[in-house]
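Trainee: Quick one, coords_16.txt (compact mmCIF, C-alpha atoms):
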# COMPACT_ATOMS: atom_id res chain seq x y z
CA MET L 1 -49.57 14.60 -38.17
CA ALA L 2 -51.53 15.26 -41.29
CA GLU L 3 -54.81 16.96 -40.66
CA ALA L 4 -57.78 14.65 -41.04
CA GLU L 5 -61.50 14.54 -41.61
CA SER L 6 -62.70 16.59 -38.77
CA GLY L 7 -65.48 17.79 -36.83
CA PHE L 8 -67.92 17.84 -34.12
CA LEU L 9 -69.91 19.28 -36.98
CA PRO L 10 -72.38 17.56 -39.29
CA ALA L 11 -72.52 20.36 -41.86
CA ARG L 12 -75.48 19.02 -43.81
CA ALA L 13 -77.47 18.49 -40.65
CA VAL L 14 -77.46 22.24 -40.05
CA ARG L 15 -78.62 24.52 -42.82
CA SER L 16 -76.51 27.57 -43.38
CA ASP L 17 -75.86 30.11 -46.08
CA GLU L 18 -72.21 30.18 -45.10
CA PRO L 19 -69.68 28.13 -47.04
CA PRO L 20 -68.28 25.24 -45.01
CA ARG L 21 -64.88 25.86 -43.48
CA ARG L 22 -62.23 23.29 -42.78
CA ALA L 23 -60.92 22.95 -39.28
CA PRO L 24 -57.78 21.23 -38.05
CA VAL L 25 -58.10 18.27 -35.74
CA PRO L 26 -56.08 17.63 -32.57
CA LYS L 27 -52.52 16.79 -33.58
CA LEU L 28 -52.02 13.73 -31.46
CA SER L 29 -48.49 12.38 -31.28
CA GLY L 30 -47.84 8.67 -30.92
CA PRO L 31 -47.16 8.95 -27.17
CA MET L 32 -50.32 11.02 -26.65
CA LEU L 33 -52.41 8.42 -28.48
CA VAL L 34 -50.95 5.66 -26.34
CA VAL L 35 -51.58 7.63 -23.14
CA ILE L 36 -55.23 8.28 -24.07
CA VAL L 37 -55.85 4.63 -24.92
CA LEU L 38 -54.14 3.46 -21.71
CA THR L 39 -56.22 5.94 -19.74
CA PHE L 40 -59.34 4.08 -20.84
CA LEU L 41 -57.84 0.59 -20.56
CA VAL L 42 -56.36 1.12 -17.09
CA GLY L 43 -58.64 3.84 -15.76
CA LEU L 44 -61.91 1.89 -15.92
CA PRO L 45 -60.60 -1.12 -13.95
CA MET L 46 -59.04 1.25 -11.42
CA ASP L 47 -62.36 3.05 -11.01
CA ARG L 48 -64.25 -0.21 -10.62
CA PHE L 49 -61.97 -2.11 -8.27
CA ALA L 50 -60.11 0.56 -6.28
CA GLY L 51 -63.19 2.20 -4.80
CA MET L 52 -63.71 5.92 -4.40
CA ALA L 53 -59.97 6.52 -4.11
CA GLY L 54 -59.47 4.86 -7.49
CA GLN L 55 -62.22 6.93 -9.05
CA LEU L 56 -60.72 10.15 -7.74
CA ALA L 57 -57.25 9.20 -8.99
CA VAL L 58 -58.58 8.40 -12.46
CA SER L 59 -60.57 11.63 -12.46
CA VAL L 60 -57.57 13.80 -11.59
CA TRP L 61 -55.48 12.13 -14.30
CA THR L 62 -58.23 12.42 -16.93
CA TRP L 63 -58.70 16.13 -16.27
CA ILE L 64 -54.94 16.69 -16.55
CA LEU L 65 -54.97 14.88 -19.88
CA PHE L 66 -57.97 16.92 -21.04
CA PHE L 67 -56.16 20.20 -20.37
CA ALA L 68 -53.04 18.85 -22.06
CA LEU L 69 -55.18 18.11 -25.13
CA LEU L 70 -56.59 21.64 -25.11
CA ALA L 71 -53.05 23.02 -25.03
CA ARG L 72 -52.04 21.00 -28.10
CA ILE L 73 -54.91 21.67 -30.47
CA ASN L 74 -55.54 24.52 -32.86
CA GLN L 75 -57.16 27.44 -31.06
CA THR L 76 -60.19 27.21 -33.36
CA LEU L 77 -61.08 23.80 -31.95
CA ARG L 78 -60.84 24.73 -28.29
CA LEU L 79 -64.36 26.10 -28.09
CA PRO L 80 -65.96 23.00 -29.69
CA LEU L 81 -64.02 20.75 -27.31
CA ILE L 82 -65.10 22.81 -24.30
CA LEU L 83 -68.68 22.76 -25.54
CA CYS L 84 -68.41 19.01 -25.97
CA LEU L 85 -67.35 18.81 -22.33
CA ALA L 86 -70.26 20.95 -21.16
CA ILE L 87 -72.91 19.23 -23.28
CA SER L 88 -71.70 15.74 -22.44
CA THR L 89 -71.85 16.65 -18.74
CA LEU L 90 -75.44 17.80 -19.15
CA GLY L 91 -76.20 14.69 -21.19
CA GLU L 92 -74.84 12.43 -18.45
CA CYS L 93 -77.01 14.16 -15.87
CA VAL L 94 -80.11 13.84 -18.05
CA LEU L 95 -79.56 10.29 -19.35
CA SER L 96 -78.24 8.75 -16.14
CA LEU L 97 -79.44 10.75 -13.14
CA ALA L 98 -82.77 12.04 -14.49
CA TRP L 99 -83.91 9.48 -17.09
CA GLY L 100 -82.18 6.50 -15.51
CA LEU L 101 -81.06 4.82 -18.74
CA TYR L 102 -77.92 3.58 -17.03
CA THR L 103 -76.39 3.75 -13.57
CA TYR L 104 -72.76 4.03 -12.53
CA TRP L 105 -71.61 1.61 -9.87
CA LEU L 106 -71.24 4.34 -7.21
CA GLN L 107 -74.62 5.86 -8.16
CA ASN L 108 -72.92 9.09 -9.28
CA ILE L 109 -71.48 10.69 -12.38
CA PRO L 110 -67.76 9.88 -12.08
CA PRO L 111 -65.76 13.10 -12.51
CA PHE L 112 -63.62 11.49 -15.21
CA VAL L 113 -66.59 10.79 -17.49
CA PRO L 114 -67.14 14.26 -19.08
CA PRO L 115 -63.47 14.81 -20.04
CA GLY L 116 -63.42 11.16 -21.07
CA HIS L 117 -66.05 11.95 -23.70
CA VAL L 118 -63.74 14.61 -25.15
CA LEU L 119 -60.76 12.23 -25.17
CA LEU L 120 -62.87 9.63 -26.98
CA PHE L 121 -63.77 12.22 -29.61
CA ALA L 122 -60.11 13.11 -29.97
CA LEU L 123 -59.38 9.47 -30.76
CA GLY L 124 -62.26 9.47 -33.23
CA LEU L 125 -60.93 12.55 -34.99
CA TRP L 126 -57.53 10.91 -35.32
CA PHE L 127 -58.73 7.48 -36.44
CA ALA L 128 -61.56 8.60 -38.75
CA PRO L 129 -59.48 9.39 -41.87
CA ARG L 130 -57.79 6.01 -41.52
CA LEU L 131 -61.11 4.17 -41.72
CA PRO L 132 -61.62 2.84 -45.26
CA GLN L 133 -64.85 3.60 -47.05
CA TRP L 134 -65.87 -0.04 -46.91
CA GLY L 135 -65.59 0.27 -43.12
CA VAL L 136 -68.26 2.99 -43.14
CA THR L 137 -70.49 0.76 -45.25
CA LEU L 138 -69.90 -2.19 -42.94
CA VAL L 139 -70.76 -0.19 -39.81
CA ALA L 140 -73.92 1.23 -41.41
CA THR L 141 -74.95 -2.25 -42.56
CA PHE L 142 -74.45 -3.62 -39.05
CA ALA L 143 -76.51 -0.79 -37.52
CA ALA L 144 -79.34 -1.31 -40.00
CA ALA L 145 -79.35 -5.09 -39.63
CA TYR L 146 -79.15 -5.03 -35.86
CA GLY L 147 -81.81 -2.34 -35.62
CA MET L 148 -84.23 -4.41 -37.73
CA ALA L 149 -83.44 -7.54 -35.72
CA ALA L 150 -84.06 -5.61 -32.49
CA VAL L 151 -87.50 -4.55 -33.71
CA TRP L 152 -88.30 -8.08 -34.93
CA THR L 153 -87.32 -9.73 -31.64
CA SER L 154 -88.43 -6.83 -29.39
CA ARG L 155 -85.05 -7.05 -27.66
CA ASP L 156 -82.81 -4.00 -27.38
CA THR L 157 -85.33 -1.82 -29.19
CA PHE L 158 -83.54 1.24 -27.80
CA SER L 159 -80.77 0.30 -30.22
CA ALA L 160 -83.29 0.33 -33.07
CA ALA L 161 -84.04 3.99 -32.33
CA ALA L 162 -80.33 4.78 -31.92
CA ALA L 163 -79.54 2.94 -35.17
CA LEU L 164 -82.11 5.03 -37.02
CA LEU L 165 -80.51 8.20 -35.67
CA PHE L 166 -77.06 6.98 -36.69
CA LEU L 167 -78.23 6.07 -40.21
CA LEU L 168 -79.79 9.52 -40.66
CA PHE L 169 -76.44 11.11 -39.93
CA ILE L 170 -74.71 8.69 -42.27
CA ALA L 171 -77.22 9.55 -45.00
CA PHE L 172 -77.26 13.33 -44.60
CA GLY L 173 -74.04 14.23 -42.77
CA THR L 174 -70.66 15.01 -44.29
CA ASN L 175 -68.47 13.34 -41.68
CA ARG L 176 -69.44 9.74 -42.34
CA LYS L 177 -66.03 8.34 -41.43
CA LEU L 178 -66.11 10.17 -38.13
CA TYR L 179 -69.62 8.92 -37.34
CA ALA L 180 -68.68 5.33 -38.17
CA THR L 181 -65.47 5.62 -36.15
CA MET L 182 -67.31 7.00 -33.13
CA PHE L 183 -69.89 4.22 -33.47
CA LEU L 184 -67.09 1.65 -33.17
CA LEU L 185 -65.20 3.45 -30.39
CA SER L 186 -68.31 4.04 -28.30
CA LEU L 187 -69.39 0.41 -28.75
CA ALA L 188 -65.95 -0.80 -27.63
CA MET L 189 -66.08 1.53 -24.63
CA GLU L 190 -69.59 0.41 -23.69
CA LEU L 191 -68.73 -3.28 -23.97
CA TYR L 192 -65.61 -2.78 -21.85
CA GLY L 193 -67.27 -0.62 -19.20
CA THR L 194 -70.35 -2.82 -18.78
CA TRP L 195 -68.20 -5.96 -18.72
CA LEU L 196 -66.14 -4.51 -15.87
CA GLY L 197 -69.28 -3.27 -14.14
CA ASN L 198 -68.47 0.45 -14.19
CA TRP L 199 -72.05 1.09 -15.28
CA VAL L 200 -75.13 -0.91 -16.20
CA TRP L 201 -78.00 -0.15 -18.61
CA VAL L 202 -81.51 -0.82 -17.36
CA PRO L 203 -83.39 -3.54 -19.31
CA GLN L 204 -86.58 -1.46 -19.58
CA VAL L 205 -86.16 2.14 -20.75
CA PRO L 206 -88.00 4.37 -18.25
CA GLY L 207 -91.08 6.13 -19.58
CA VAL L 208 -91.13 4.64 -23.08
CA PRO L 209 -91.95 1.16 -24.43
CA LEU L 210 -88.35 0.32 -25.33
CA THR L 211 -85.99 -2.36 -24.08
CA SER L 212 -82.24 -2.10 -23.75
CA ALA L 213 -79.38 -4.56 -23.81
CA ASN L 214 -76.42 -4.01 -21.50
CA PRO L 215 -75.08 -2.16 -23.43
CA PRO L 216 -77.35 -1.24 -26.36
CA LEU L 217 -75.20 -2.10 -29.36
CA CYS L 218 -76.14 0.97 -31.42
CA VAL L 219 -75.46 3.50 -28.68
CA GLY L 220 -73.09 5.25 -31.11
CA GLY L 221 -76.12 7.03 -32.54
CA LEU L 222 -76.18 9.18 -29.41
CA TYR L 223 -72.71 10.49 -30.26
CA CYS L 224 -74.09 11.88 -33.53
CA ALA L 225 -76.69 13.77 -31.50
CA LEU L 226 -73.88 15.16 -29.34
CA ASP L 227 -72.16 16.27 -32.56
CA LEU L 228 -75.23 18.19 -33.68
CA LEU L 229 -75.70 19.88 -30.31
CA VAL L 230 -72.07 20.98 -30.25
CA VAL L 231 -72.17 22.55 -33.71
CA ASN L 232 -75.34 24.49 -32.93
CA ALA L 233 -73.90 25.74 -29.64
CA ASP L 234 -70.60 26.62 -31.34
CA ARG L 235 -72.35 28.57 -34.09
CA ALA L 236 -74.56 30.45 -31.64
CA MET L 237 -71.67 31.44 -29.39
CA ARG L 238 -69.44 32.54 -32.26
CA ARG L 239 -72.22 34.64 -33.76
CA TRP L 240 -72.71 36.24 -30.39
CA ARG L 241 -68.98 36.86 -29.98
CA GLY L 242 -68.07 37.88 -33.48
CA PRO L 243 -68.76 37.73 -37.21
CA ALA L 244 -70.60 34.71 -38.54
CA ARG L 245 -67.63 33.87 -40.76
CA ALA L 246 -65.73 32.80 -37.63
CA VAL L 247 -68.07 29.83 -37.13
CA VAL L 248 -66.21 26.52 -37.27
CA GLN L 249 -67.79 23.98 -39.60
CA ALA L 250 -66.82 20.46 -40.44
CA GLY L 251 -65.25 19.29 -43.60
CA SER L 252 -62.83 16.86 -45.07
CA VAL L 253 -59.16 17.75 -44.82
CA ALA L 254 -56.46 15.98 -46.75
Show me the file's structure as structure tokens.
Mentor:
Amino acid sequence: MAEAESGFLPARAVRSDEPPRRAPVPKLSGPMLVVIVLTFLVGLPMDRFAGMAGQLAVSVWTWILFFALLARINQTLRLPLILCLAISTLGECVLSLAWGLYTYWLQNIPPFVPPGHVLLFALGLWFAPRLPQWGVTLVATFAAAYGMAAVWTSRDTFSAAAALLFLLFIAFGTNRKLYATMFLLSLAMELYGTWLGNWVWVPQVPGVPLTSANPPLCVGGLYCALDLLVVNADRAMRRWRGPARAVVQAGSVA
């Protein structure tokens, strides 16, 4: 597969004196793409309707697929993917267990969720270069329009904040196609998961005067924040382990 616009890394969102480097993305074969998509399509209903046994089965399979993905990618991307796993796990604990923005149906963090975040990013990395530029514009226009409507109607105002975050990354980031792709993929995942009842977003955001739909339609903005956290963690660890020139940064790849 041709290498594509890549990155967990919004290069302009992080100031650096180092020239940006281009990193390969996971080389997903056709069968691997199908397996990842089917994991989401089949795994969520199995989790929801097969009880704890179903959740454990989906979790074991998702972890196997995660390790298979690590084995297939360029070595340079393994650390960002592992960091994505770690940070998304922490994020789930903070957003769900501590803050209470949303609750999973078994009142836990399903073990398949953290590696599922990485698999979703892998899909985003593969689909992003195939998104036309007008698609980026359309997604940004939707986020802006929906965010303004949310403020005007005072409904789903959490999405207004998430839309603002997303638009900042679109304006100042270098991986606009990736951000727009992840916006769409995360929205599809949220609509599917909440429809099945795997998780539910609370209508009143705890601790702040914001409301939330189930799901908030601009939740993709949170994935941009994940991107930024991963690049900073990646840079810090690589500087600690070796020369600064080894830091992976995002860029467009033909």
Trainee: Counting only C-alpha atoms, which residues of segment 27-134 of chain L fall within 6 Å of segment 193-214 of chain L, and what is the closest atom pair for each with its distance in Å at one decimal, ordered by chain and rising number, as CSV?
Mentor:
residue,atom,partner,partner_atom,distance
L:Arg48,CA,L:Asn198,CA,5.6
L:Leu101,CA,L:Val202,CA,5.8
L:Tyr102,CA,L:Trp201,CA,4.1
L:Thr103,CA,L:Trp199,CA,5.4
L:Tyr104,CA,L:Trp199,CA,4.1
L:Trp105,CA,L:Trp199,CA,5.5
Trainee: Using all atoms listed in the file, which of the listed residues (L:Leu120, L:Ala225, L:Leu125, L:Met46) sits closest to Leu168 of chain L?
Mentor: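 The answer is L:Ala225, which sits nearest to Leu168 of chain L.
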Trainee: With only C-alpha atoms as the atoms that count, which of L:Tyr192, L:Trp63, L:Tyr179, L:Phe49 lies nearest to Val139 of chain L?
Mentor: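 Going through L:Tyr192, L:Trp63, L:Tyr179, L:Phe49 one by one, the smallest distance to Val139 of chain L is for L:Tyr179.
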Trainee: Taking into account all atoms listed in the file, which residue in the set L:Val231, L:Ile64, L:Ala160, L:Leu226 is nearest to Leu79 of chain L?
Mentor: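 The answer is L:Val231, which sits nearest to Leu79 of chain L.
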Trainee: From the set L:Cys224, L:Val113, L:Cys218, L:Leu191, which residue has the shortest atom-to-atom contact distance to Phe172 of chain L, counting only C-alpha atoms?
Mentor: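 When distances to Phe172 of chain L are compared using only C-alpha atoms, the smallest one comes from L:Cys224.
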Trainee: Calculate how many Å separate atom CA of Leu138 of chain L from atom CA of Met189 of chain L, rounding to one decimal.
Mentor: 19.1 Å
Trainee: Which polymer residues have any atom within 10 Å of an atom of Asn108 of chain L, counting only C-alpha atoms, with same-chain residues fewer than 2 positions away left out, as a PyMOL selection string?
Mentor: chain L and resi 92-93+96-97+103-106+110-111
